[in-house]
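Asker: Next comes coords_22.cif, mmCIF, C-alpha atoms:
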```cif
data_work
#
loop_
_atom_site.label_atom_id
_atom_site.label_comp_id
_atom_site.auth_asym_id
_atom_site.auth_seq_id
_atom_site.Cartn_x
_atom_site.Cartn_y
_atom_site.Cartn_z
CA PRO L 284 78.37 -50.97 -10.65
CA PRO L 285 77.84 -47.41 -9.37
CA LEU L 286 77.99 -44.64 -11.94
CA PRO L 287 80.93 -42.24 -11.66
CA VAL L 288 79.99 -38.92 -10.07
CA SER L 289 81.28 -35.89 -11.83
CA SER L 290 82.20 -32.85 -9.83
CA THR L 291 81.08 -30.68 -12.76
CA PRO L 292 77.34 -29.99 -12.76
CA SER L 293 75.47 -31.31 -15.76
CA PRO L 294 74.15 -28.58 -18.05
CA LEU L 295 70.67 -30.15 -17.69
CA HIS L 296 70.71 -29.91 -13.91
CA ILE L 297 68.31 -27.21 -12.63
CA SER L 298 68.11 -26.38 -8.97
CA LEU L 299 64.62 -25.31 -7.77
CA PRO L 300 64.36 -22.88 -4.89
CA LEU L 301 62.64 -24.08 -1.75
CA SER L 302 60.68 -20.85 -1.39
CA PRO L 303 56.83 -21.02 -1.69
CA ALA L 304 55.38 -21.28 -5.19
CA LYS L 305 53.65 -17.94 -4.92
CA HIS L 306 57.04 -16.22 -5.27
CA HIS L 307 57.84 -18.10 -8.46
CA PRO L 308 56.53 -16.43 -11.62
CA ALA L 309 56.00 -19.69 -13.50
CA MET L 310 54.05 -21.32 -10.68
CA SER L 311 51.81 -18.26 -10.12
CA LEU L 312 50.07 -18.86 -13.46
CA THR L 313 47.87 -21.56 -11.90
CA PRO L 314 45.63 -19.29 -9.82
CA LEU L 315 45.41 -16.87 -12.75
CA LEU L 316 44.17 -19.65 -15.02
CA ALA L 317 41.67 -20.75 -12.37
CA ALA L 318 40.39 -17.21 -11.98
CA SER L 319 39.93 -16.87 -15.72
CA MET L 320 37.62 -19.91 -15.70
CA ARG L 321 35.22 -18.47 -13.10
CA PRO L 322 31.96 -16.91 -14.39
CA ARG L 323 32.24 -13.19 -14.95
CA THR L 324 29.74 -11.21 -12.91
CA ASN L 325 30.75 -7.68 -13.97
CA GLY L 326 30.81 -6.70 -10.33
CA LYS L 327 27.28 -7.96 -9.68
CA LYS L 328 26.32 -9.98 -6.63
CA SER L 329 25.77 -13.61 -7.65
CA GLN L 330 22.47 -15.31 -6.86
CA GLY L 331 21.56 -18.82 -5.84
CA PRO L 332 22.05 -21.68 -5.70
CA PHE L 333 18.50 -22.35 -6.88
CA ASP L 334 18.24 -26.06 -6.23
CA LEU L 335 15.69 -28.47 -4.74
CA THR L 336 16.45 -27.20 -1.23
CA TYR L 337 15.69 -23.63 -2.31
CA TYR L 338 12.36 -24.63 -3.89
CA LEU L 339 11.36 -26.63 -0.80
CA LYS L 340 12.12 -23.60 1.39
CA GLY L 341 10.00 -21.47 -0.92
CA ALA L 342 7.15 -24.00 -0.82
CA LEU L 343 7.27 -24.22 3.00
CA ALA L 344 7.33 -20.43 3.36
CA GLY L 345 4.43 -20.19 0.91
CA GLY L 346 2.36 -22.80 2.73
CA LEU L 347 2.89 -21.13 6.09
CA CYS L 348 2.25 -17.58 4.87
CA CYS L 349 -1.03 -18.56 3.14
CA SER L 350 -2.22 -20.76 6.00
CA ILE L 351 -1.49 -18.13 8.68
CA THR L 352 -3.03 -15.19 6.82
CA HIS L 353 -6.17 -16.98 5.57
CA GLY L 354 -6.68 -18.53 9.01
CA ALA L 355 -6.33 -15.14 10.74
CA LEU L 356 -8.83 -13.56 8.34
CA CYS L 357 -11.37 -16.40 8.57
CA PRO L 358 -13.93 -14.15 10.39
CA VAL L 359 -13.71 -11.57 7.59
CA ASP L 360 -14.14 -14.33 5.02
CA VAL L 361 -17.22 -15.66 6.85
CA VAL L 362 -18.90 -12.23 6.72
CA LYS L 363 -17.81 -11.65 3.11
CA THR L 364 -19.23 -15.01 2.03
CA ARG L 365 -22.52 -14.36 3.86
CA ILE L 366 -22.85 -10.99 2.08
CA GLN L 367 -22.32 -12.75 -1.26
CA LEU L 368 -24.70 -15.63 -0.52
CA GLU L 369 -27.48 -13.66 1.20
CA PRO L 370 -27.29 -10.04 0.01
CA GLN L 371 -30.95 -9.43 0.97
CA LYS L 372 -30.17 -10.19 4.61
CA TYR L 373 -26.58 -8.97 4.93
CA ASN L 374 -26.97 -5.64 3.17
CA ARG L 375 -25.67 -3.11 5.69
CA GLY L 376 -21.95 -3.41 5.07
CA MET L 377 -19.10 -5.36 6.55
CA ILE L 378 -19.04 -3.96 10.12
CA ALA L 379 -22.78 -4.46 10.50
CA GLY L 380 -22.38 -7.92 9.00
CA PHE L 381 -20.12 -8.94 11.88
CA GLY L 382 -22.81 -7.82 14.33
CA GLN L 383 -25.52 -9.71 12.43
CA VAL L 384 -23.56 -12.97 12.40
CA ILE L 385 -22.67 -12.72 16.10
CA ALA L 386 -26.23 -11.79 17.09
CA ALA L 387 -27.75 -14.69 15.14
CA GLU L 388 -25.21 -17.46 15.81
CA GLY L 389 -22.71 -16.32 18.42
CA VAL L 390 -19.03 -15.38 18.21
CA GLY L 391 -18.04 -18.95 17.36
CA ALA L 392 -19.77 -18.62 13.97
CA LEU L 393 -16.94 -16.32 12.83
CA ALA L 394 -14.60 -19.34 12.95
CA THR L 395 -16.84 -21.44 10.69
CA GLY L 396 -14.73 -23.24 8.09
CA LEU L 397 -11.43 -22.55 9.88
CA GLY L 398 -10.22 -26.17 9.48
CA PRO L 399 -10.56 -26.41 5.69
CA THR L 400 -9.27 -22.85 5.38
CA VAL L 401 -6.00 -23.54 7.22
CA VAL L 402 -5.38 -26.92 5.58
CA GLY L 403 -6.50 -25.88 2.10
CA TYR L 404 -4.47 -22.72 1.95
CA PHE L 405 -1.35 -24.37 3.34
CA ILE L 406 -1.49 -26.82 0.43
CA GLN L 407 -2.34 -24.08 -2.04
CA GLY L 408 0.42 -21.79 -0.74
CA TRP L 409 2.94 -24.66 -0.94
CA PHE L 410 2.31 -25.12 -4.66
CA LYS L 411 1.64 -21.45 -5.45
CA PHE L 412 4.67 -19.74 -3.91
CA GLY L 413 6.97 -22.71 -4.47
CA GLY L 414 5.70 -23.03 -8.03
CA VAL L 415 6.09 -19.34 -8.81
CA GLU L 416 9.72 -19.47 -7.67
CA PHE L 417 10.33 -22.62 -9.73
CA PHE L 418 8.73 -21.39 -12.96
CA LYS L 419 10.07 -17.83 -12.61
CA ILE L 420 13.68 -18.94 -12.15
CA ASN L 421 13.55 -21.53 -14.91
CA PHE L 422 11.87 -19.15 -17.39
CA ALA L 423 14.56 -16.58 -16.61
CA ARG L 424 17.33 -19.14 -17.10
CA LYS L 425 15.95 -20.13 -20.50
CA LEU L 426 15.78 -16.53 -21.66
CA GLY L 427 19.08 -15.30 -20.25
CA GLU L 428 19.70 -12.31 -17.99
CA GLU L 429 19.09 -9.53 -20.51
CA LYS L 430 15.93 -10.98 -22.08
CA ALA L 431 14.58 -12.00 -18.67
CA TRP L 432 14.95 -8.43 -17.43
CA GLU L 433 13.08 -7.10 -20.45
CA MET L 434 10.31 -9.70 -20.06
CA ARG L 435 10.08 -9.80 -16.26
CA ILE L 436 6.36 -8.88 -16.17
CA PRO L 437 5.37 -11.62 -18.68
CA ILE L 438 7.55 -14.04 -16.67
CA TYR L 439 5.72 -13.09 -13.45
CA LEU L 440 2.38 -13.59 -15.21
CA GLY L 441 3.28 -16.93 -16.80
CA ALA L 442 4.90 -18.35 -13.66
CA ALA L 443 1.91 -17.31 -11.53
CA ALA L 444 -0.61 -18.86 -13.96
CA CYS L 445 1.24 -22.20 -14.12
CA ALA L 446 1.72 -22.42 -10.36
CA GLU L 447 -1.86 -21.42 -9.55
CA PHE L 448 -3.39 -23.99 -11.90
CA ILE L 449 -1.51 -26.77 -10.10
CA ALA L 450 -2.36 -25.32 -6.67
CA ASP L 451 -6.08 -25.08 -7.45
CA ILE L 452 -6.36 -28.80 -8.18
CA PHE L 453 -5.55 -29.36 -4.50
CA LEU L 454 -7.38 -26.32 -3.13
CA CYS L 455 -10.76 -26.84 -4.82
CA PRO L 456 -12.13 -29.68 -2.60
CA LEU L 457 -11.19 -27.83 0.57
CA GLU L 458 -12.61 -24.53 -0.67
CA ALA L 459 -15.87 -26.29 -1.60
CA THR L 460 -16.00 -27.75 1.92
CA ARG L 461 -15.35 -24.35 3.50
CA ILE L 462 -18.11 -22.65 1.53
CA ARG L 463 -20.55 -25.48 2.31
CA LEU L 464 -19.86 -25.04 6.04
CA VAL L 465 -20.10 -21.24 5.93
CA SER L 466 -23.34 -21.26 3.91
CA ASN L 467 -24.88 -23.95 6.17
CA PRO L 468 -23.17 -24.15 9.60
CA GLU L 469 -25.43 -27.06 10.58
CA TYR L 470 -24.26 -29.19 7.65
CA ALA L 471 -21.36 -30.71 9.62
CA SER L 472 -19.21 -30.02 12.64
CA GLY L 473 -15.98 -29.49 10.69
CA LEU L 474 -13.64 -30.57 7.90
CA ILE L 475 -13.32 -34.25 8.87
CA SER L 476 -17.07 -34.86 9.03
CA ALA L 477 -18.03 -32.56 6.14
CA MET L 478 -15.91 -34.07 3.36
CA PRO L 479 -17.32 -37.64 3.54
CA LYS L 480 -20.83 -36.20 3.79
CA ILE L 481 -20.34 -34.10 0.63
CA ILE L 482 -19.15 -37.21 -1.25
CA ARG L 483 -22.24 -39.16 -0.07
CA ASP L 484 -24.65 -36.34 -0.96
CA ASP L 485 -23.22 -35.07 -4.25
CA GLY L 486 -20.44 -37.41 -5.37
CA PHE L 487 -16.74 -36.59 -5.58
CA ILE L 488 -16.69 -34.55 -8.81
CA VAL L 489 -19.93 -32.59 -8.30
CA GLY L 490 -19.35 -32.09 -4.60
CA PHE L 491 -15.74 -30.96 -4.76
CA TYR L 492 -15.12 -29.74 -8.30
CA SER L 493 -18.34 -27.91 -9.24
CA GLY L 494 -16.44 -24.73 -8.49
CA PHE L 495 -13.23 -25.69 -10.35
CA GLY L 496 -14.05 -23.47 -13.34
CA PRO L 497 -14.88 -20.44 -11.17
CA ILE L 498 -11.91 -21.07 -8.90
CA LEU L 499 -9.59 -21.03 -11.94
CA LEU L 500 -11.30 -17.88 -13.25
CA LYS L 501 -10.91 -16.33 -9.81
CA GLN L 502 -7.51 -17.56 -8.67
CA ILE L 503 -5.45 -17.46 -11.87
CA PRO L 504 -6.13 -13.77 -12.69
CA TYR L 505 -5.84 -13.01 -8.97
CA THR L 506 -2.45 -14.68 -8.63
CA MET L 507 -1.15 -13.25 -11.91
CA ALA L 508 -2.07 -9.73 -10.77
CA LYS L 509 -0.80 -10.40 -7.25
CA PHE L 510 2.74 -11.37 -8.23
CA ALA L 511 3.13 -9.06 -11.24
CA VAL L 512 1.78 -5.98 -9.44
CA GLN L 513 3.76 -6.73 -6.28
CA GLY L 514 6.97 -7.13 -8.26
CA ALA L 515 6.35 -3.91 -10.21
CA ALA L 516 5.25 -1.98 -7.10
CA ALA L 517 8.32 -3.06 -5.11
CA GLU L 518 10.54 -2.06 -8.02
CA LYS L 519 8.92 1.40 -8.14
CA ILE L 520 9.25 1.84 -4.37
CA TRP L 521 12.96 0.99 -4.44
CA ALA L 522 13.49 3.37 -7.37
CA ALA L 523 11.48 6.21 -5.76
CA THR L 524 13.27 5.97 -2.41
CA GLY L 525 16.72 5.48 -3.93
CA ILE L 526 17.44 2.65 -1.47
CA ASN L 527 19.62 -0.25 -2.61
CA SER L 528 17.67 -3.44 -1.93
CA ASN L 529 20.90 -5.48 -1.79
CA THR L 530 22.46 -3.52 1.06
CA THR L 531 19.51 -2.21 3.09
CA SER L 532 18.29 -3.67 6.38
CA GLU L 533 15.85 -6.56 6.69
CA GLY L 534 13.35 -4.18 8.33
CA THR L 535 13.31 -1.94 5.27
CA LYS L 536 12.88 -4.94 2.97
CA LEU L 537 9.91 -6.08 5.09
CA ALA L 538 8.33 -2.61 4.90
CA VAL L 539 8.62 -2.65 1.09
CA SER L 540 7.14 -6.17 0.95
CA LEU L 541 4.15 -5.07 3.05
CA SER L 542 3.57 -1.83 1.10
CA SER L 543 3.80 -3.47 -2.31
CA GLY L 544 1.66 -6.36 -1.01
CA VAL L 545 -1.22 -4.03 -0.11
CA ILE L 546 -1.16 -2.49 -3.60
CA ALA L 547 -1.04 -5.92 -5.22
CA GLY L 548 -3.81 -7.29 -3.01
CA VAL L 549 -6.31 -4.53 -3.82
CA ALA L 550 -5.60 -4.81 -7.57
CA ALA L 551 -5.94 -8.59 -7.46
CA ALA L 552 -9.17 -8.42 -5.44
CA ILE L 553 -10.86 -6.11 -7.96
CA ILE L 554 -9.80 -8.23 -10.95
CA SER L 555 -10.95 -11.55 -9.48
CA HIS L 556 -14.07 -10.48 -7.58
CA PRO L 557 -16.81 -11.49 -10.08
CA ALA L 558 -15.47 -15.05 -10.21
CA ASP L 559 -15.16 -15.09 -6.41
CA THR L 560 -18.85 -14.21 -6.09
CA LEU L 561 -19.82 -16.96 -8.55
CA LEU L 562 -17.65 -19.46 -6.67
CA SER L 563 -19.42 -18.64 -3.41
CA LEU L 564 -22.83 -19.02 -5.07
CA VAL L 565 -22.22 -22.25 -7.01
CA ASN L 566 -21.04 -24.13 -3.91
CA LYS L 567 -24.28 -23.34 -2.09
CA GLN L 568 -26.47 -26.47 -2.13
CA GLY L 569 -28.99 -26.36 -5.00
CA ALA L 570 -27.67 -23.06 -6.41
CA GLY L 571 -28.17 -22.59 -10.15
CA GLY L 572 -30.62 -25.49 -10.49
CA GLU L 573 -29.92 -28.63 -12.49
CA GLY L 574 -27.53 -29.14 -15.38
CA SER L 575 -23.81 -28.86 -16.05
CA ILE L 576 -21.53 -26.62 -14.05
CA MET L 577 -21.33 -24.05 -16.86
CA THR L 578 -25.15 -24.02 -17.18
CA ARG L 579 -25.52 -23.41 -13.47
CA LEU L 580 -22.88 -20.67 -13.56
CA GLY L 581 -24.66 -19.00 -16.48
CA ARG L 582 -27.96 -18.97 -14.58
CA LEU L 583 -26.35 -17.58 -11.45
CA ALA L 584 -24.54 -14.84 -13.39
CA TYR L 585 -27.77 -13.88 -15.18
CA GLU L 586 -29.79 -13.83 -11.96
CA MET L 587 -27.23 -11.72 -10.13
CA GLY L 588 -26.37 -9.32 -12.94
CA PHE L 589 -22.94 -8.03 -13.96
CA VAL L 590 -22.88 -4.99 -11.66
CA LYS L 591 -23.77 -6.99 -8.56
CA LEU L 592 -21.24 -9.68 -9.50
CA CYS L 593 -18.54 -7.02 -9.59
CA LEU L 594 -19.59 -5.01 -6.54
CA THR L 595 -21.35 -7.27 -4.02
CA GLY L 596 -18.97 -7.73 -1.12
CA LEU L 597 -16.13 -5.93 -2.95
CA GLY L 598 -15.33 -3.55 -0.09
CA ALA L 599 -14.98 -6.40 2.38
CA ARG L 600 -12.88 -8.35 -0.10
CA CYS L 601 -10.51 -5.42 -0.79
CA VAL L 602 -9.92 -5.05 2.96
CA MET L 603 -9.42 -8.77 3.33
CA ILE L 604 -7.22 -9.38 0.27
CA GLY L 605 -5.19 -6.17 0.69
CA SER L 606 -4.18 -7.04 4.24
CA LEU L 607 -3.90 -10.75 3.45
CA THR L 608 -1.57 -10.24 0.49
CA ALA L 609 0.63 -7.80 2.40
CA GLY L 610 0.86 -10.31 5.24
CA GLN L 611 1.69 -13.14 2.86
CA PHE L 612 4.62 -11.38 1.20
CA GLY L 613 5.89 -10.16 4.58
CA ILE L 614 5.74 -13.62 6.17
CA PHE L 615 7.14 -15.30 3.05
CA ASP L 616 10.19 -13.02 2.95
CA THR L 617 10.73 -13.39 6.71
CA ILE L 618 10.65 -17.20 6.60
CA MET L 619 12.93 -17.30 3.55
CA THR L 620 15.44 -15.13 5.43
CA MET L 621 15.15 -17.35 8.53
CA THR L 622 15.88 -20.46 6.47
CA GLY L 623 18.93 -18.82 4.89
CA ALA L 624 17.40 -18.66 1.39
CA SER L 625 18.14 -15.61 -0.75
CA LYS L 626 15.21 -14.82 -3.07
CA PHE L 627 15.74 -14.67 -6.80
CA LYS L 628 15.72 -11.15 -8.26
CA PHE L 629 15.54 -9.95 -11.83
CA THR L 630 18.68 -7.89 -12.49
CA ASN L 631 19.24 -5.14 -15.01
CA PRO L 632 22.32 -6.19 -17.01
CA ASN L 633 23.15 -2.51 -17.70
CA GLU L 634 23.47 -1.63 -14.02
CA GLN L 635 26.37 -2.34 -11.67
CA HIS L 636 25.34 -3.86 -8.35
#
```
Let me see the structure of the file written as structure tokens.
Answerer:
Amino acid sequence: PPLPVSSTPSPLHISLPLSPAKHHPAMSLTPLLAASMRPRTNGKKSQGPFDLTYYLKGALAGGLCCSITHGALCPVDVVKTRIQLEPQKYNRGMIAGFGQVIAAEGVGALATGLGPTVVGYFIQGWFKFGGVEFFKINFARKLGEEKAWEMRIPIYLGAAACAEFIADIFLCPLEATRIRLVSNPEYASGLISAMPKIIRDDGFIVGFYSGFGPILLKQIPYTMAKFAVQGAAAEKIWAATGINSNTTSEGTKLAVSLSSGVIAGVAAAIISHPADTLLSLVNKQGAGGEGSIMTRLGRLAYEMGFVKLCLTGLGARCVMIGSLTAGQFGIFDTIMTMTGASKFKFTNPNEQH
């Protein structure tokens, strides 16, 4: 049977207003609780997300920037390598070296080794720039914001060393092929025909990895200096100009990338030049005589002498690496912006951004 309805409201009956919850004090606690659970940024602009997509964008940008710049500077590299391999013949400087190569072999000789250069440095740039971003971000996460800021230079150095070691495993066979073609243009017509011929003549390990020691000695210090000096130089430029890197135009960011890249490139070229000279020499057929790679390197270093190792072809290499490094950082930043990726930055926890 139906329950009797009382005309007197029950004391437990509460009527709720139909107005939106935002006007009700009790209901407005929900957004406050949600806000309290968000990470506190102290007014700083948040970064990320740094996920697989970000690292793939960094790797692609790195591959393209290295491939484009090394390919564009292939003629300079041809002359630089000739100066290192035949200093008795190419002893009148870089500009005269261009004339000597063209006079002896034609303009086409300046493109010798272009195939392995473009392919090799795309692969190397993929692992180098992508790897630096990966290791840098993960080292910083492990240390925390404050410690990462204090140790940003060691982080740059460690990330660059790890990434470059991995990259050089893939670069070494292509760099050996390039040097073989530059030192002996008649050896093969290009990358596809040269690589099988090197394996037949010297075997896989000797043919492609004789220069692995020198390439590590050259590339790891080079890359460590390149990223650490560029990061420090960019930081100094921003501080000296008083420009906020978070709010300035993309054109200004590009100008800073290019300027800091030139500084980093020259420093890296000087540091890595002796190993670069040895790498060019050891990949020349028959260079250093018989024996292990280290024995051959020792003979070559002794024959050349320390001063010549440090200075032969250095001017050409500073021009090449200074412009190349500036171009790489400029192209890398441009491609990252085009893909919608925002680069990781070390932030000072004591500053408001």
Asker: For the PyMOL selection byres ((chain L and resi 593-609) around 7), applied here, can you spell out every residue it catches as a PyMOL selection string?
Answerer: chain L and resi 352-353+356+359+363+366-367+377+540-542+544-546+548-549+552+556-557+589-592+610-613
Asker: Quick one: everything within 7 Å of Ala394 (chain L), counting only C-alpha atoms, minus sequence neighbours fewer than 3 positions away in the same chain. Send it as an MDAnalysis selection string.
Answerer: chainID L and resid 357:358 391 397
Asker: Rounded to one decimal, what separation in Å do you get between CA of Pro399 (chain L) and CA of Leu474 (chain L)?
Answerer: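 So the answer is 5.6 Å.
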Asker: Evaluated on this file, the PyMOL selection byres ((chain L and resi 481) around 10) picks out some residues - which ones are they, written as a list in words?
Answerer: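 Selected by the PyMOL selection byres ((chain L and resi 481) around 10) in this file: Pro456, Ala459, Thr460, Arg463, Tyr470, Ala471, Ser476, Ala477, Met478, Pro479, Lys480, Ile482, Arg483, Asp484, Asp485, Gly486, Phe487, Val489, Gly490 and Phe491 of chain L.
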Asker: Output the residue selection produced by the PyMOL selection byres ((chain L and resi 414-422) around 7) on the file above, formatted as a list in words.
Answerer: Tyr338, Phe410, Lys411, Phe412, Gly413, Ala423, Arg424, Lys425, Leu426, Ile438, Tyr439, Ala442, Ala443 and Ala446 of chain L
Asker: Of the candidates L:Lys340, L:Lys430, L:Lys501, L:Arg461, which one gets nearest to Gly396 (chain L) if we count all atoms listed in the file?
Answerer: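 Smallest distance to Gly396 (chain L) is found for L:Arg461.
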Asker: So how many Å separate CA of Phe615 (chain L) and CA of Ala344 (chain L), to one decimal?
Answerer: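 Atom-to-atom, CA of Phe615 (chain L) and CA of Ala344 (chain L) are spaced 5.1 Å apart.
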Asker: Excluding same-chain residues fewer than 3 positions from Phe453 (chain L), what lies within 7 Å of it counting only C-alpha atoms, as a PDB file with C-alpha atoms, in the frame of the given file?
Answerer:
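Everything below was put into selection29.pdb:
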```pdb
ATOM      1  CA  ILE L 406      -1.490 -26.820   0.430  1.00  0.00           C
ATOM      2  CA  GLN L 407      -2.340 -24.080  -2.040  1.00  0.00           C
ATOM      3  CA  ALA L 450      -2.360 -25.320  -6.670  1.00  0.00           C
ATOM      4  CA  PRO L 456     -12.130 -29.680  -2.600  1.00  0.00           C
TER       5      PRO L 456
END
```
Asker: What does the distance from CA of Leu537 (chain L) to CA of Asp616 (chain L) come to in Å, to one decimal?
Answerer: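 Between CA of Leu537 (chain L) and CA of Asp616 (chain L) the gap works out to 7.3 Å.
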Asker: Check the smallest atom-to-atom distance from each of L:Val362, L:Gly408, L:Gly571, L:Glu429 to Cys349 (chain L) using only C-alpha atoms, then report the winner.
Answerer: L:Gly408
Asker: Using all atoms listed in the file, which of the listed residues (L:Thr531, L:Leu562, L:Pro332, L:Lys536) sits closest to Cys455 (chain L)?
Answerer: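 The answer is L:Leu562, which sits nearest to Cys455 (chain L).
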Asker: Taking only C-alpha atoms into account, which of L:Tyr505, L:Phe510, L:Trp432, L:Phe448 comes nearest Asp559 (chain L)?
Answerer: L:Tyr505
Asker: For Thr506 (chain L), find every residue with an atom within 8 Å (counting only C-alpha atoms), except residues of its own chain fewer than 5 positions away, and show them as a PDB file with C-alpha atoms, in the frame of the given file.
Answerer:
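Output below, filename out_33.pdb:
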```
ATOM      1  CA  ALA L 443       1.910 -17.310 -11.530  1.00  0.00           C
ATOM      2  CA  ALA L 444      -0.610 -18.860 -13.960  1.00  0.00           C
ATOM      3  CA  GLU L 447      -1.860 -21.420  -9.550  1.00  0.00           C
ATOM      4  CA  ALA L 551      -5.940  -8.590  -7.460  1.00  0.00           C
TER       5      ALA L 551
END
```
Asker: Which residue gives the smallest distance to Tyr337 (chain L) among L:Pro437, L:Gly389, L:Pro632, L:Gly623, with only C-alpha atoms counted?
Answerer: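 Counting only C-alpha atoms, the residue closest to Tyr337 (chain L) is L:Gly623.
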Asker: Which residue, L:Ile503, L:Cys348, L:Ala515, L:Ala523, has the smallest gap to Ile554 (chain L) when you use only C-alpha atoms?
Answerer: L:Ile503
Asker: Using the atoms already present, construct N, CA, C and O atoms for region 474-487 of chain L and hand them back as a compact mmCIF listing (two decimals), keeping the file's coordinate frame.
Answerer:
```txt
# COMPACT_ATOMS: atom_id res chain seq x y z
N LEU L 474 -14.23 -30.04 9.12
CA LEU L 474 -13.64 -30.57 7.90
C LEU L 474 -13.75 -32.09 7.82
O LEU L 474 -14.17 -32.64 6.80
N ILE L 475 -13.38 -32.79 8.89
CA ILE L 475 -13.32 -34.25 8.87
C ILE L 475 -14.70 -34.87 8.61
O ILE L 475 -14.83 -35.85 7.86
N SER L 476 -15.72 -34.31 9.21
CA SER L 476 -17.07 -34.86 9.03
C SER L 476 -17.74 -34.34 7.76
O SER L 476 -18.60 -35.04 7.19
N ALA L 477 -17.36 -33.16 7.30
CA ALA L 477 -18.03 -32.56 6.14
C ALA L 477 -17.64 -33.23 4.83
O ALA L 477 -18.50 -33.46 3.97
N MET L 478 -16.37 -33.55 4.66
CA MET L 478 -15.91 -34.07 3.36
C MET L 478 -16.57 -35.41 3.00
O MET L 478 -17.07 -35.56 1.88
N PRO L 479 -16.63 -36.38 3.91
CA PRO L 479 -17.32 -37.64 3.54
C PRO L 479 -18.81 -37.42 3.27
O PRO L 479 -19.39 -38.08 2.40
N LYS L 480 -19.41 -36.47 3.98
CA LYS L 480 -20.83 -36.20 3.79
C LYS L 480 -21.09 -35.59 2.41
O LYS L 480 -22.09 -35.92 1.75
N ILE L 481 -20.21 -34.70 1.96
CA ILE L 481 -20.34 -34.10 0.63
C ILE L 481 -20.23 -35.18 -0.44
O ILE L 481 -21.00 -35.19 -1.42
N ILE L 482 -19.31 -36.12 -0.27
CA ILE L 482 -19.15 -37.21 -1.25
C ILE L 482 -20.42 -38.07 -1.29
O ILE L 482 -20.89 -38.45 -2.37
N ARG L 483 -21.00 -38.36 -0.12
CA ARG L 483 -22.24 -39.16 -0.07
C ARG L 483 -23.41 -38.43 -0.72
O ARG L 483 -24.20 -39.01 -1.45
N ASP L 484 -23.51 -37.11 -0.46
CA ASP L 484 -24.65 -36.34 -0.96
C ASP L 484 -24.55 -36.01 -2.44
O ASP L 484 -25.54 -36.09 -3.17
N ASP L 485 -23.35 -35.62 -2.89
CA ASP L 485 -23.22 -35.07 -4.25
C ASP L 485 -22.25 -35.84 -5.15
O ASP L 485 -22.18 -35.56 -6.35
N GLY L 486 -21.48 -36.74 -4.58
CA GLY L 486 -20.44 -37.41 -5.37
C GLY L 486 -19.16 -36.59 -5.33
O GLY L 486 -19.15 -35.40 -4.99
N PHE L 487 -18.05 -37.23 -5.70
CA PHE L 487 -16.74 -36.59 -5.58
C PHE L 487 -16.60 -35.40 -6.53
O PHE L 487 -16.21 -34.30 -6.11
```
